[in-house]
$ cat start-v4.csv   # CSV, C-alpha atoms
chain,number,residue,atom,x,y,z
A,1,MET,CA,250.3,204.9,-54.9
A,2,THR,CA,247.5,205.8,-52.5
A,3,TRP,CA,246.7,203.1,-50.0
A,4,THR,CA,244.4,204.8,-47.5
A,5,PRO,CA,242.5,207.7,-49.1
A,6,PRO,CA,242.6,211.3,-47.7
A,7,ARG,CA,240.0,212.2,-45.0
A,8,TYR,CA,238.5,215.7,-45.3
A,9,PRO,CA,236.0,217.0,-42.7
A,10,LEU,CA,232.4,217.3,-43.9
A,11,LEU,CA,229.8,220.0,-43.6
A,12,ILE,CA,226.6,218.2,-42.9
A,13,VAL,CA,223.4,220.2,-43.2
A,14,ILE,CA,220.1,218.9,-41.8
A,15,SER,CA,217.1,220.5,-43.2
A,16,GLY,CA,213.4,219.8,-43.9
A,17,PRO,CA,210.0,221.3,-43.3
A,18,ALA,CA,209.0,223.0,-40.0
A,19,GLY,CA,208.0,220.4,-37.4
A,20,VAL,CA,209.9,217.5,-38.9
A,21,GLY,CA,212.2,217.3,-35.9
A,22,LYS,CA,215.5,218.9,-36.9
A,23,ASP,CA,216.2,220.2,-33.4
A,24,SER,CA,215.3,216.8,-31.8
A,25,VAL,CA,217.6,215.0,-34.1
A,26,LEU,CA,220.6,217.3,-33.4
A,27,ARG,CA,219.9,217.2,-29.6
A,28,ARG,CA,219.8,213.4,-29.7
A,29,MET,CA,223.1,213.2,-31.7
A,30,LYS,CA,224.7,215.5,-29.0
A,31,GLU,CA,223.4,213.3,-26.2
A,32,LEU,CA,224.8,210.2,-27.9
A,33,GLY,CA,228.2,211.8,-28.1
A,34,TYR,CA,228.7,211.9,-31.9
A,35,PRO,CA,232.1,213.5,-32.4
A,36,PHE,CA,230.8,216.4,-34.6
A,37,HIS,CA,231.1,220.1,-34.1
A,38,PHE,CA,227.5,221.2,-33.6
A,39,VAL,CA,227.1,224.6,-35.0
A,40,VAL,CA,226.3,227.5,-32.7
A,41,THR,CA,224.2,230.2,-34.3
A,42,ALA,CA,225.0,233.9,-33.9
A,43,THR,CA,222.3,236.4,-33.0
A,44,ASP,CA,221.9,240.0,-32.1
A,45,ARG,CA,219.1,239.5,-29.6
A,46,PRO,CA,220.0,239.7,-26.0
A,47,PRO,CA,220.6,236.5,-24.0
A,48,ARG,CA,217.6,235.1,-22.1
A,49,PRO,CA,218.2,234.1,-18.5
A,50,GLY,CA,220.4,231.0,-18.4
A,51,GLU,CA,221.6,231.2,-22.0
A,52,VAL,CA,225.3,230.9,-22.4
A,53,HIS,CA,227.4,232.7,-25.0
A,54,GLY,CA,229.1,230.2,-27.3
A,55,VAL,CA,226.8,227.4,-26.1
A,56,ASP,CA,223.2,228.4,-26.9
A,57,TYR,CA,224.2,231.2,-29.2
A,58,PHE,CA,227.0,233.6,-30.0
A,59,PHE,CA,225.5,236.9,-28.7
A,60,LEU,CA,226.7,239.7,-30.9
A,61,SER,CA,225.8,243.4,-31.1
A,62,THR,CA,223.8,244.3,-34.2
A,63,GLU,CA,226.8,246.2,-35.4
A,64,GLU,CA,229.1,243.2,-35.1
A,65,PHE,CA,226.5,241.0,-36.8
A,66,LEU,CA,226.1,243.3,-39.7
A,67,ARG,CA,229.8,243.6,-40.1
A,68,LEU,CA,230.1,239.8,-40.5
A,69,GLU,CA,227.2,239.8,-43.0
A,70,ARG,CA,228.9,242.7,-44.9
A,71,GLU,CA,232.2,240.9,-45.1
A,72,GLY,CA,230.6,237.7,-46.4
A,73,GLU,CA,231.6,235.9,-43.2
A,74,LEU,CA,228.1,234.3,-42.7
A,75,LEU,CA,227.3,230.9,-44.1
A,76,GLU,CA,223.6,231.6,-43.8
A,77,HIS,CA,221.6,234.4,-42.2
A,78,ALA,CA,218.1,235.5,-41.8
A,79,VAL,CA,216.0,238.1,-40.0
A,80,VAL,CA,213.5,236.2,-37.8
A,81,TYR,CA,210.9,238.3,-36.0
A,82,GLY,CA,213.2,241.4,-36.3
A,83,GLU,CA,216.2,239.6,-34.9
A,84,HIS,CA,219.3,238.6,-36.9
A,85,LYS,CA,220.5,235.0,-36.9
A,86,GLY,CA,223.3,233.5,-38.8
A,87,VAL,CA,226.2,231.0,-38.9
A,88,PRO,CA,229.7,232.5,-38.8
A,89,LYS,CA,232.0,230.8,-41.3
A,90,GLN,CA,235.0,231.1,-39.0
A,91,GLN,CA,233.4,228.6,-36.6
A,92,VAL,CA,233.2,226.1,-39.4
A,93,ARG,CA,236.8,226.7,-40.5
A,94,ASP,CA,238.0,226.3,-36.9
A,95,ALA,CA,236.2,223.0,-36.5
A,96,PHE,CA,237.6,221.8,-39.9
A,97,ALA,CA,241.1,222.7,-38.8
A,98,SER,CA,240.8,220.4,-35.8
A,99,GLY,CA,239.6,217.6,-38.1
A,100,LYS,CA,236.0,217.6,-37.0
A,101,ASP,CA,232.9,217.1,-39.1
A,102,VAL,CA,230.5,220.0,-38.7
A,103,ILE,CA,226.8,219.5,-38.5
A,104,MET,CA,224.1,222.2,-38.5
A,105,ARG,CA,220.4,222.6,-39.0
A,106,VAL,CA,218.8,225.1,-41.3
A,107,ASP,CA,215.4,225.7,-42.9
A,108,VAL,CA,214.8,224.7,-46.5
A,109,GLN,CA,215.4,228.2,-47.9
A,110,GLY,CA,218.7,228.4,-46.0
A,111,ALA,CA,219.9,225.0,-47.4
A,112,ALA,CA,219.8,226.5,-50.9
A,113,THR,CA,222.1,229.3,-49.7
A,114,ILE,CA,224.5,226.8,-48.2
A,115,ARG,CA,224.5,224.8,-51.4
A,116,ARG,CA,225.5,227.9,-53.3
A,117,LEU,CA,228.3,229.0,-50.8
A,118,ALA,CA,229.5,225.5,-50.1
A,119,PRO,CA,228.6,223.2,-53.0
A,120,GLU,CA,230.4,220.3,-51.4
A,121,ALA,CA,228.3,220.3,-48.3
A,122,VAL,CA,226.3,217.1,-47.6
A,123,LEU,CA,222.6,218.1,-47.7
A,124,ILE,CA,220.2,215.8,-45.8
A,125,PHE,CA,216.5,216.4,-46.1
A,126,LEU,CA,214.4,215.2,-43.2
A,127,THR,CA,210.9,214.3,-43.9
A,128,ALA,CA,207.9,212.7,-42.1
A,129,GLU,CA,205.7,209.8,-43.0
A,130,SER,CA,203.0,212.1,-44.4
A,131,LYS,CA,201.8,215.7,-44.5
A,132,ASP,CA,199.1,214.9,-41.8
A,133,GLU,CA,201.8,213.6,-39.5
A,134,LEU,CA,203.8,216.8,-40.0
A,135,VAL,CA,200.8,219.0,-39.3
A,136,ARG,CA,200.1,217.0,-36.2
A,137,ARG,CA,203.7,217.6,-34.9
A,138,LEU,CA,203.5,221.3,-35.6
A,139,LYS,CA,200.3,221.6,-33.7
A,140,GLY,CA,201.6,219.4,-30.9
A,141,ARG,CA,204.6,221.5,-30.1
A,142,GLY,CA,202.4,224.4,-29.3
A,143,THR,CA,205.1,227.0,-29.9
A,144,GLU,CA,203.4,228.9,-32.7
A,145,THR,CA,200.5,231.3,-32.7
A,146,PRO,CA,197.5,230.2,-34.9
A,147,GLU,CA,198.8,232.7,-37.6
A,148,GLN,CA,202.4,231.3,-37.5
A,149,LEU,CA,201.0,227.8,-37.6
A,150,ALA,CA,198.9,228.5,-40.7
A,151,GLU,CA,201.9,230.1,-42.3
A,152,ARG,CA,204.1,227.1,-41.6
A,153,VAL,CA,201.5,224.6,-42.8
A,154,GLY,CA,201.1,226.7,-45.9
A,155,LYS,CA,204.8,226.4,-46.7
A,156,ILE,CA,205.0,222.6,-46.3
A,157,GLU,CA,204.2,221.7,-50.0
A,158,TRP,CA,206.8,224.2,-51.2
A,159,GLU,CA,209.4,222.9,-48.8
A,160,MET,CA,208.7,219.3,-49.8
A,161,SER,CA,209.1,220.2,-53.4
A,162,ARG,CA,212.8,221.3,-52.8
A,163,MET,CA,213.8,217.7,-51.7
A,164,GLN,CA,215.1,217.1,-55.2
A,165,GLU,CA,218.0,219.5,-54.6
A,166,PHE,CA,219.3,217.6,-51.6
A,167,ASP,CA,221.8,214.6,-51.5
A,168,TYR,CA,219.9,212.4,-49.1
A,169,VAL,CA,216.5,212.0,-47.6
A,170,VAL,CA,215.8,210.5,-44.2
A,171,VAL,CA,212.3,209.7,-43.0
A,172,ASN,CA,212.1,210.8,-39.3
A,173,ARG,CA,209.3,208.5,-38.3
A,174,GLU,CA,207.3,209.1,-35.1
A,175,GLY,CA,208.9,207.3,-32.1
A,176,GLU,CA,212.0,206.3,-34.1
A,177,LEU,CA,214.4,209.1,-33.4
A,178,ASP,CA,217.3,206.8,-32.9
A,179,ARG,CA,216.7,205.1,-36.2
A,180,THR,CA,216.8,208.6,-37.9
A,181,VAL,CA,220.1,209.4,-36.1
A,182,ALA,CA,221.6,206.1,-37.1
A,183,GLN,CA,220.8,206.7,-40.7
A,184,ILE,CA,222.4,210.1,-40.6
A,185,ALA,CA,225.5,208.6,-39.0
A,186,ALA,CA,225.6,206.0,-41.8
A,187,ILE,CA,225.4,208.7,-44.4
A,188,VAL,CA,228.4,210.5,-42.7
A,189,GLU,CA,230.4,207.2,-42.5
A,190,ALA,CA,229.7,206.4,-46.2
A,191,GLU,CA,230.6,209.9,-47.3
A,192,HIS,CA,234.0,209.4,-45.6
A,193,CYS,CA,234.5,206.3,-47.8
A,194,ARG,CA,233.9,208.0,-51.1
A,195,VAL,CA,236.8,207.5,-53.5
A,196,HIS,CA,236.3,211.1,-54.7
A,197,PRO,CA,235.7,212.8,-51.4
A,198,ARG,CA,233.9,216.1,-50.9
A,199,ARG,CA,236.1,218.9,-49.8
A,200,VAL,CA,234.4,222.0,-48.5
A,201,GLN,CA,236.3,225.3,-48.8
A,202,LEU,CA,235.0,228.4,-47.1
S,1,MET,CA,204.1,215.1,-53.7
S,2,THR,CA,206.6,212.4,-52.7
S,3,TRP,CA,206.8,211.9,-48.9
S,4,THR,CA,208.9,208.7,-48.6
S,5,PRO,CA,211.2,208.2,-51.6
S,6,PRO,CA,211.1,205.0,-53.7
S,7,ARG,CA,213.4,202.1,-52.6
S,8,TYR,CA,215.2,200.2,-55.3
S,9,PRO,CA,217.3,197.1,-54.6
S,10,LEU,CA,221.1,197.7,-55.0
S,11,LEU,CA,223.8,195.7,-56.7
S,12,ILE,CA,226.8,196.0,-54.4
S,13,VAL,CA,230.1,194.9,-55.7
S,14,ILE,CA,233.1,194.2,-53.4
S,15,SER,CA,236.4,194.2,-55.2
S,16,GLY,CA,240.1,194.9,-54.5
S,17,PRO,CA,243.5,193.3,-54.9
S,18,ALA,CA,244.1,189.6,-54.2
S,19,GLY,CA,244.6,188.9,-50.6
S,20,VAL,CA,242.7,191.9,-49.3
S,21,GLY,CA,240.0,189.8,-47.7
S,22,LYS,CA,237.0,189.9,-50.0
S,23,ASP,CA,235.8,186.4,-49.2
S,24,SER,CA,236.3,186.9,-45.4
S,25,VAL,CA,234.2,190.1,-45.6
S,26,LEU,CA,231.3,188.3,-47.4
S,27,ARG,CA,231.5,185.3,-45.1
S,28,ARG,CA,231.3,187.6,-42.1
S,29,MET,CA,228.3,189.5,-43.5
S,30,LYS,CA,226.5,186.2,-44.0
S,31,GLU,CA,227.3,185.0,-40.5
S,32,LEU,CA,225.9,188.3,-39.1
S,33,GLY,CA,222.7,187.8,-41.0
S,34,TYR,CA,222.7,190.8,-43.3
S,35,PRO,CA,219.5,190.6,-45.4
S,36,PHE,CA,221.3,190.6,-48.8
S,37,HIS,CA,221.2,188.1,-51.5
S,38,PHE,CA,224.8,186.7,-51.6
S,39,VAL,CA,225.6,185.9,-55.2
S,40,VAL,CA,226.3,182.3,-56.1
S,41,THR,CA,228.8,181.8,-59.0
S,42,ALA,CA,228.1,179.4,-61.8
S,43,THR,CA,230.9,177.1,-63.0
S,44,ASP,CA,231.4,174.2,-65.4
S,45,ARG,CA,233.8,172.3,-63.1
S,46,PRO,CA,232.4,169.3,-61.4
S,47,PRO,CA,231.3,169.6,-57.7
S,48,ARG,CA,233.9,168.6,-55.1
S,49,PRO,CA,232.8,166.3,-52.3
S,50,GLY,CA,230.4,168.2,-50.0
S,51,GLU,CA,229.7,171.1,-52.4
S,52,VAL,CA,226.1,171.8,-52.9
S,53,HIS,CA,224.5,173.1,-56.1
S,54,GLY,CA,223.0,176.5,-55.6
S,55,VAL,CA,224.9,177.1,-52.3
S,56,ASP,CA,228.6,176.8,-53.1
S,57,TYR,CA,228.2,177.1,-56.9
S,58,PHE,CA,225.7,176.6,-59.6
S,59,PHE,CA,227.2,173.6,-61.4
S,60,LEU,CA,226.5,173.8,-65.1
S,61,SER,CA,227.7,171.7,-68.0
S,62,THR,CA,230.2,173.5,-70.2
S,63,GLU,CA,227.4,173.7,-72.9
S,64,GLU,CA,224.9,175.4,-70.6
S,65,PHE,CA,227.6,177.8,-69.4
S,66,LEU,CA,228.6,178.8,-72.9
S,67,ARG,CA,224.9,179.2,-73.9
S,68,LEU,CA,224.5,181.7,-71.0
S,69,GLU,CA,227.6,183.5,-72.1
S,70,ARG,CA,226.5,183.6,-75.7
S,71,GLU,CA,223.1,185.0,-74.8
S,72,GLY,CA,224.6,187.8,-72.7
S,73,GLU,CA,223.1,186.3,-69.6
S,74,LEU,CA,226.3,186.6,-67.5
S,75,LEU,CA,227.1,189.7,-65.5
S,76,GLU,CA,230.7,188.7,-65.4
S,77,HIS,CA,232.7,185.7,-66.4
S,78,ALA,CA,236.2,184.4,-66.7
S,79,VAL,CA,238.2,181.3,-67.4
S,80,VAL,CA,240.2,180.4,-64.4
S,81,TYR,CA,242.7,177.5,-64.7
S,82,GLY,CA,240.7,176.2,-67.6
S,83,GLU,CA,237.4,176.3,-65.8
S,84,HIS,CA,234.5,178.7,-66.6
S,85,LYS,CA,233.2,180.9,-63.8
S,86,GLY,CA,230.5,183.5,-64.1
S,87,VAL,CA,227.5,185.2,-62.5
S,88,PRO,CA,224.1,184.6,-64.1
S,89,LYS,CA,222.0,187.7,-64.5
S,90,GLN,CA,218.8,185.9,-63.8
S,91,GLN,CA,219.9,185.3,-60.2
S,92,VAL,CA,220.3,189.0,-59.7
S,93,ARG,CA,216.9,189.8,-61.3
S,94,ASP,CA,215.2,187.2,-59.1
S,95,ALA,CA,216.7,188.7,-55.9
S,96,PHE,CA,215.7,192.2,-57.1
S,97,ALA,CA,212.2,191.0,-57.7
S,98,SER,CA,211.9,189.9,-54.1
S,99,GLY,CA,213.2,193.4,-53.0
S,100,LYS,CA,216.6,192.2,-51.8
S,101,ASP,CA,219.9,194.0,-52.3
S,102,VAL,CA,222.5,191.8,-54.1
S,103,ILE,CA,226.1,191.6,-53.0
S,104,MET,CA,228.9,190.0,-54.8
S,105,ARG,CA,232.7,189.8,-54.9
S,106,VAL,CA,234.8,190.1,-58.1
S,107,ASP,CA,238.4,190.8,-59.0
S,108,VAL,CA,239.4,194.3,-60.1
S,109,GLN,CA,239.2,193.4,-63.8
S,110,GLY,CA,235.7,192.0,-63.3
S,111,ALA,CA,234.5,195.1,-61.6
S,112,ALA,CA,235.2,197.1,-64.7
S,113,THR,CA,233.0,194.7,-66.7
S,114,ILE,CA,230.2,195.1,-64.2
S,115,ARG,CA,230.5,198.9,-64.3
S,116,ARG,CA,229.9,198.7,-68.0
S,117,LEU,CA,227.0,196.2,-67.8
S,118,ALA,CA,225.4,197.8,-64.8
S,119,PRO,CA,226.5,201.4,-64.5
S,120,GLU,CA,224.3,201.9,-61.4
S,121,ALA,CA,226.0,199.2,-59.4
S,122,VAL,CA,227.7,200.4,-56.1
S,123,LEU,CA,231.4,199.6,-56.5
S,124,ILE,CA,233.3,199.2,-53.3
S,125,PHE,CA,237.1,198.9,-53.4
S,126,LEU,CA,238.6,197.0,-50.4
S,127,THR,CA,242.2,198.0,-49.6
S,128,ALA,CA,244.7,197.2,-46.9
S,129,GLU,CA,246.9,199.4,-44.7
S,130,SER,CA,249.9,199.0,-47.1
S,131,LYS,CA,251.3,196.9,-49.8
S,132,ASP,CA,253.5,195.1,-47.3
S,133,GLU,CA,250.5,194.0,-45.3
S,134,LEU,CA,248.8,192.8,-48.5
S,135,VAL,CA,251.8,190.7,-49.5
S,136,ARG,CA,251.9,189.3,-46.0
S,137,ARG,CA,248.3,188.2,-46.2
S,138,LEU,CA,248.8,186.6,-49.6
S,139,LYS,CA,251.7,184.6,-48.4
S,140,GLY,CA,250.0,183.8,-45.1
S,141,ARG,CA,247.0,182.1,-46.7
S,142,GLY,CA,249.3,179.6,-48.4
S,143,THR,CA,246.8,178.7,-51.2
S,144,GLU,CA,249.1,179.8,-54.1
S,145,THR,CA,252.1,178.2,-55.7
S,146,PRO,CA,255.2,180.4,-55.6
S,147,GLU,CA,254.5,181.3,-59.3
S,148,GLN,CA,250.9,182.2,-58.6
S,149,LEU,CA,252.0,184.2,-55.6
S,150,ALA,CA,254.5,186.1,-57.7
S,151,GLU,CA,251.9,186.8,-60.3
S,152,ARG,CA,249.4,188.2,-57.8
S,153,VAL,CA,252.0,190.3,-56.1
S,154,GLY,CA,253.0,191.6,-59.5
S,155,LYS,CA,249.4,192.7,-60.2
S,156,ILE,CA,248.9,194.7,-56.9
S,157,GLU,CA,250.1,198.0,-58.2
S,158,TRP,CA,247.9,197.8,-61.3
S,159,GLU,CA,244.9,196.8,-59.2
S,160,MET,CA,245.5,199.6,-56.7
S,161,SER,CA,245.6,202.1,-59.6
S,162,ARG,CA,242.0,201.2,-60.6
S,163,MET,CA,240.6,202.5,-57.3
S,164,GLN,CA,239.7,205.8,-58.9
S,165,GLU,CA,237.0,204.1,-60.9
S,166,PHE,CA,235.1,202.9,-57.8
S,167,ASP,CA,232.5,204.7,-55.7
S,168,TYR,CA,233.8,203.9,-52.3
S,169,VAL,CA,237.0,202.6,-50.7
S,170,VAL,CA,237.1,200.7,-47.4
S,171,VAL,CA,240.3,199.9,-45.6
S,172,ASN,CA,240.1,196.3,-44.4
S,173,ARG,CA,242.6,196.6,-41.5
S,174,GLU,CA,244.1,193.5,-39.9
S,175,GLY,CA,242.0,192.3,-37.0
S,176,GLU,CA,239.2,194.7,-37.8
S,177,LEU,CA,236.9,192.7,-40.0
S,178,ASP,CA,233.7,193.8,-38.2
S,179,ARG,CA,234.7,197.4,-38.6
S,180,THR,CA,235.1,196.8,-42.4
S,181,VAL,CA,231.7,195.1,-42.5
S,182,ALA,CA,230.0,197.9,-40.5
S,183,GLN,CA,231.4,200.4,-43.1
S,184,ILE,CA,230.1,198.5,-46.0
S,185,ALA,CA,226.7,198.3,-44.2
S,186,ALA,CA,226.8,202.1,-43.7
S,187,ILE,CA,227.5,202.6,-47.4
S,188,VAL,CA,224.5,200.4,-48.3
S,189,GLU,CA,222.2,202.3,-45.8
S,190,ALA,CA,223.4,205.7,-47.1
S,191,GLU,CA,222.8,204.6,-50.7
S,192,HIS,CA,219.2,203.8,-49.8
S,193,CYS,CA,218.8,207.4,-48.6
S,194,ARG,CA,219.9,209.0,-51.8
S,195,VAL,CA,217.4,211.5,-53.1
S,196,HIS,CA,218.3,210.3,-56.6
S,197,PRO,CA,218.6,206.6,-56.1
S,198,ARG,CA,220.5,204.2,-58.3
S,199,ARG,CA,218.3,201.8,-60.2
S,200,VAL,CA,220.1,198.8,-61.7
S,201,GLN,CA,218.5,197.4,-64.8
S,202,LEU,CA,219.7,194.0,-66.2

$ encode --input "start-v4.csv" --output "structure tokens"
Amino acid sequence: MTWTPPRYPLLIVISGPAGVGKDSVLRRMKELGYPFHFVVTATDRPPRPGEVHGVDYFFLSTEEFLRLEREGELLEHAVVYGEHKGVPKQQVRDAFASGKDVIMRVDVQGAATIRRLAPEAVLIFLTAESKDELVRRLKGRGTETPEQLAERVGKIEWEMSRMQEFDYVVVNREGELDRTVAQIAAIVEAEHCRVHPRRVQL
Amino acid sequence: MTWTPPRYPLLIVISGPAGVGKDSVLRRMKELGYPFHFVVTATDRPPRPGEVHGVDYFFLSTEEFLRLEREGELLEHAVVYGEHKGVPKQQVRDAFASGKDVIMRVDVQGAATIRRLAPEAVLIFLTAESKDELVRRLKGRGTETPEQLAERVGKIEWEMSRMQEFDYVVVNREGELDRTVAQIAAIVEAEHCRVHPRRVQL
């Protein structure tokens, strides 16, 4: 007779269109001390001044990176401006072994890959109030060239159309970051109460 | 293009074995001002001194009660010690029309009925740390005759075995009522974030 149900660590994936605030949400959750393992991405680009291995990124040689990719040891990977980026599975396994939920951000395309490799992941789609608001945020952060900006705006409709493949949607309203974070925390708490829990196997 | 997903009111059903604390949980949620409609049960027994129609119960004549039952207008009903008790559907429809989530308690048998009549209801199973703890609570409340107590204890194993048919399970630990309430609130919040929301139709 089961009295208290088993507790399996979760893989929580935060995705959504460019500019919606994925990084801000994760940064805020870290600040607030949520007891998750926050995924560190691996890359083959050299560290910039001040960047710490294992904190900002795992800095690998291109050869090491390609070996992980070849061996199916990456949960998600992409080539961004000629640099490799990806999430080593071992990191997630290690966090699971210590009982920790794992949380990561990924673009909408990458979320589809994770769904395929880890069907039991909890996929959360972040959205904004409107397309106008999203474009405003993208322009506001000023990190893109006009060409990159145009490319990202051009992808918004397609990205929004993928929402249906996610488990949850959270509206990250302007100025309400803590509300967004609380909703994500509620989703994690509820998932741990499921009678038929998700169990990710990597 | 959907930006912010539709919000449908939920039917939240709190169930679990006798003595687990269903009434205490709902009472505490009321005290804390959760914006739910708390279901009022209909009965054909006469009001006791101080009981208010529409607050403690809806007091109906046996004839009125049986008419609702006959017309399929009860979400759940039972005969308890020769008195009829049941939940009128119209009350739930009215609360839904005003946009409110509806929350109710029901025994484990009744939860199965609700699952059949409203498959999209959110079914939450309350449990305790152990069977011993549950028996201790049942004895402690002192509201049952020894025969009733024996009957309730005898049903615990069967009630626990129905957990698998619920959506969520929450452990109502001794002295941690507010933690239980917060978990239920998290479940409700998460359910409102589902990309494919539940939509109860009565």

$ atom_distance --input "start-v4.csv" --atom1 "atom CA of Arg141 of chain S" --atom2 "atom CA of Gly21 of chain S"
10.5 Å

$ atom_distance --input "start-v4.csv" --atom1 "atom CA of Thr43 of chain A" --atom2 "atom CA of Gln109 of chain A"
18.4 Å

$ interface_residues --input "start-v4.csv" --of "chain S" --to "chain A" --cutoff "7 Å" --atoms "all atoms listed in the file" --output "ChimeraX atom specification"
/S:3-4,127-130,164,166-171,183,186-187,189-190,193-195

$ closest_residue --input "start-v4.csv" --among "A:Leu138, A:Ser15, A:Glu120, A:Glu73" --to "Glu151 of chain A" --atoms "all atoms listed in the file"
A:Leu138

$ residues_around --input "start-v4.csv" --residues "segment 23-33 of chain A" --least-positions-apart "5" --cutoff "10 Å" --atoms "only C-alpha atoms" --output "PDB file with C-alpha atoms, in the coordinates of the input"
ATOM      1  CA  ILE A  14     220.100 218.900 -41.800  1.00  0.00           C
ATOM      2  CA  SER A  15     217.100 220.500 -43.200  1.00  0.00           C
ATOM      3  CA  PHE A  38     227.500 221.200 -33.600  1.00  0.00           C
ATOM      4  CA  VAL A  39     227.100 224.600 -35.000  1.00  0.00           C
ATOM      5  CA  ILE A 103     226.800 219.500 -38.500  1.00  0.00           C
ATOM      6  CA  MET A 104     224.100 222.200 -38.500  1.00  0.00           C
ATOM      7  CA  ARG A 105     220.400 222.600 -39.000  1.00  0.00           C
ATOM      8  CA  VAL A 106     218.800 225.100 -41.300  1.00  0.00           C
ATOM      9  CA  LEU A 126     214.400 215.200 -43.200  1.00  0.00           C
ATOM     10  CA  ASN A 172     212.100 210.800 -39.300  1.00  0.00           C
ATOM     11  CA  LEU A 177     214.400 209.100 -33.400  1.00  0.00           C
ATOM     12  CA  ASP A 178     217.300 206.800 -32.900  1.00  0.00           C
ATOM     13  CA  THR A 180     216.800 208.600 -37.900  1.00  0.00           C
ATOM     14  CA  VAL A 181     220.100 209.400 -36.100  1.00  0.00           C
ATOM     15  CA  ALA A 182     221.600 206.100 -37.100  1.00  0.00           C
ATOM     16  CA  ILE A 184     222.400 210.100 -40.600  1.00  0.00           C
ATOM     17  CA  ALA A 185     225.500 208.600 -39.000  1.00  0.00           C
TER      18      ALA A 185
END

$ atom_distance --input "start-v4.csv" --atom1 "atom CA of Asp94 of chain S" --atom2 "atom CA of Glu63 of chain S"
22.8 Å

$ closest_residue --input "start-v4.csv" --among "A:His53, A:Arg137, A:His37, A:His84" --to "Gly175 of chain A" --atoms "only C-alpha atoms"
A:Arg137

$ residues_around --input "start-v4.csv" --residues "Asp101 of chain A" --least-positions-apart "4" --cutoff "7 Å" --atoms "only C-alpha atoms" --output "ChimeraX atom specification"
/A:9-11,36-37,96

$ residues_near_point --input "start-v4.csv" --point "(243.9, 217.3, -50.0)" --cutoff "8 Å" --atoms "all atoms listed in the file" --output "ChimeraX atom specification"
/A:6,8,199

$ residues_near_point --input "start-v4.csv" --point "(215.5, 188.6, -51.3)" --cutoff "6 Å" --atoms "all atoms listed in the file" --output "PDB file with C-alpha atoms, in the frame of the given file"
ATOM      1  CA  HIS S  37     221.200 188.100 -51.500  1.00  0.00           C
ATOM      2  CA  ALA S  95     216.700 188.700 -55.900  1.00  0.00           C
ATOM      3  CA  SER S  98     211.900 189.900 -54.100  1.00  0.00           C
ATOM      4  CA  GLY S  99     213.200 193.400 -53.000  1.00  0.00           C
ATOM      5  CA  LYS S 100     216.600 192.200 -51.800  1.00  0.00           C
TER       6      LYS S 100
END
